[in-house]
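Visitor: Shown below is the structure under consideration.
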Amino acid sequence: MKQVATQLKTRELVKLKVQKSALTETETSAVAEKVAMSTGSTLVEVMGHTFTLYKRRESTGSRQRR
């Protein structure tokens, strides 16, 4: 979870893949929802064993919006 949270800090959109062996009792969507809740991100899409998370990047102050 720490690695996912770190990736979401540097990138707004992260794509993750769940190994088939990890899905013995749960589905990809259940794993994706748990990761999204743990990282405070939004679940964008679940397709097969892959899911995508979105979290708006925190403003660093060095870039200014126009």
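Here, A, B, ... name the chains of the structure tokens in the order displayed, residue numbers run from 1 inside each chain, and ligands are numbered from 1 in the same displayed order.
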Identify all residues of stretch 1-64 of chain A in helix (DSSP H, G or I) (DSSP on the backbone) and supply them as a compact mmCIF listing (two decimals) with C-alpha atoms, in the first residue's frame.
Guide:
```
# COMPACT_ATOMS: atom_id res chain seq x y z
CA LYS A 2 2.88 2.37 0.71
CA GLN A 3 4.22 1.94 -2.82
CA VAL A 4 0.82 2.67 -4.34
CA ALA A 5 0.43 5.78 -2.15
CA THR A 6 3.90 6.94 -3.21
CA GLN A 7 3.08 6.45 -6.88
CA LEU A 8 -0.16 8.40 -6.47
CA LYS A 9 1.79 11.32 -5.00
CA THR A 10 3.96 11.60 -8.11
CA LYS A 20 -4.03 -14.56 -10.45
CA SER A 21 -2.69 -16.47 -7.43
CA ALA A 22 -3.82 -13.61 -5.15
CA THR A 28 -10.22 -7.99 -8.64
CA SER A 29 -12.95 -5.41 -8.00
CA ALA A 30 -12.93 -6.17 -4.25
CA VAL A 31 -9.14 -5.81 -4.09
CA ALA A 32 -9.32 -2.60 -6.13
CA GLU A 33 -11.94 -1.06 -3.83
CA LYS A 34 -9.86 -1.92 -0.76
CA VAL A 35 -6.73 -0.34 -2.24
CA ALA A 36 -8.68 2.75 -3.29
CA MET A 37 -10.11 3.19 0.21
CA SER A 38 -6.70 2.67 1.83
CA THR A 39 -4.99 5.25 -0.38
```
Visitor: Between atom CA of A:Glu25 and atom CA of A:Gly40, what distance in Å does the model show, to one decimal?
Guide: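 It comes out at 24.1 Å.
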Visitor: Quick one: DSSP strand (DSSP E or B) residues in chain A, as a PyMOL selection string?
Guide: chain A and resi 13-17+42-47+50-54
Visitor: Skipping near chain neighbours, those fewer than 5 positions away, what residues fall within 8 Å of stretch 15-19 of chain A using only C-alpha atoms, listed as a compact mmCIF listing (two decimals) with N, CA and C atoms, in the first residue's frame?
Guide:
```txt
# COMPACT_ATOMS: atom_id res chain seq x y z
N THR A 28 -11.04 -9.16 -8.40
CA THR A 28 -10.22 -7.99 -8.64
C THR A 28 -10.92 -6.72 -8.17
N HIS A 49 -7.75 -8.55 -14.61
CA HIS A 49 -6.95 -8.53 -13.39
C HIS A 49 -6.28 -7.18 -13.17
N THR A 50 -6.65 -6.18 -13.97
CA THR A 50 -6.03 -4.87 -13.93
C THR A 50 -7.04 -3.82 -13.49
N PHE A 51 -6.57 -2.86 -12.68
CA PHE A 51 -7.44 -1.76 -12.30
C PHE A 51 -6.66 -0.46 -12.27
N THR A 52 -7.38 0.65 -12.40
CA THR A 52 -6.78 1.97 -12.48
C THR A 52 -7.32 2.84 -11.35
N LEU A 53 -6.39 3.56 -10.68
CA LEU A 53 -6.74 4.47 -9.60
C LEU A 53 -6.37 5.89 -9.98
```
Visitor: Please, what distance in Å, to one decimal, runs between atom CA of A:Thr26 and atom CA of A:Glu12?
Guide: 26.4 Å
Visitor: Which value, in Å to one decimal, gives the distance between atom CA of A:Val14 and atom CA of A:Val46?
Guide: 12.2 Å
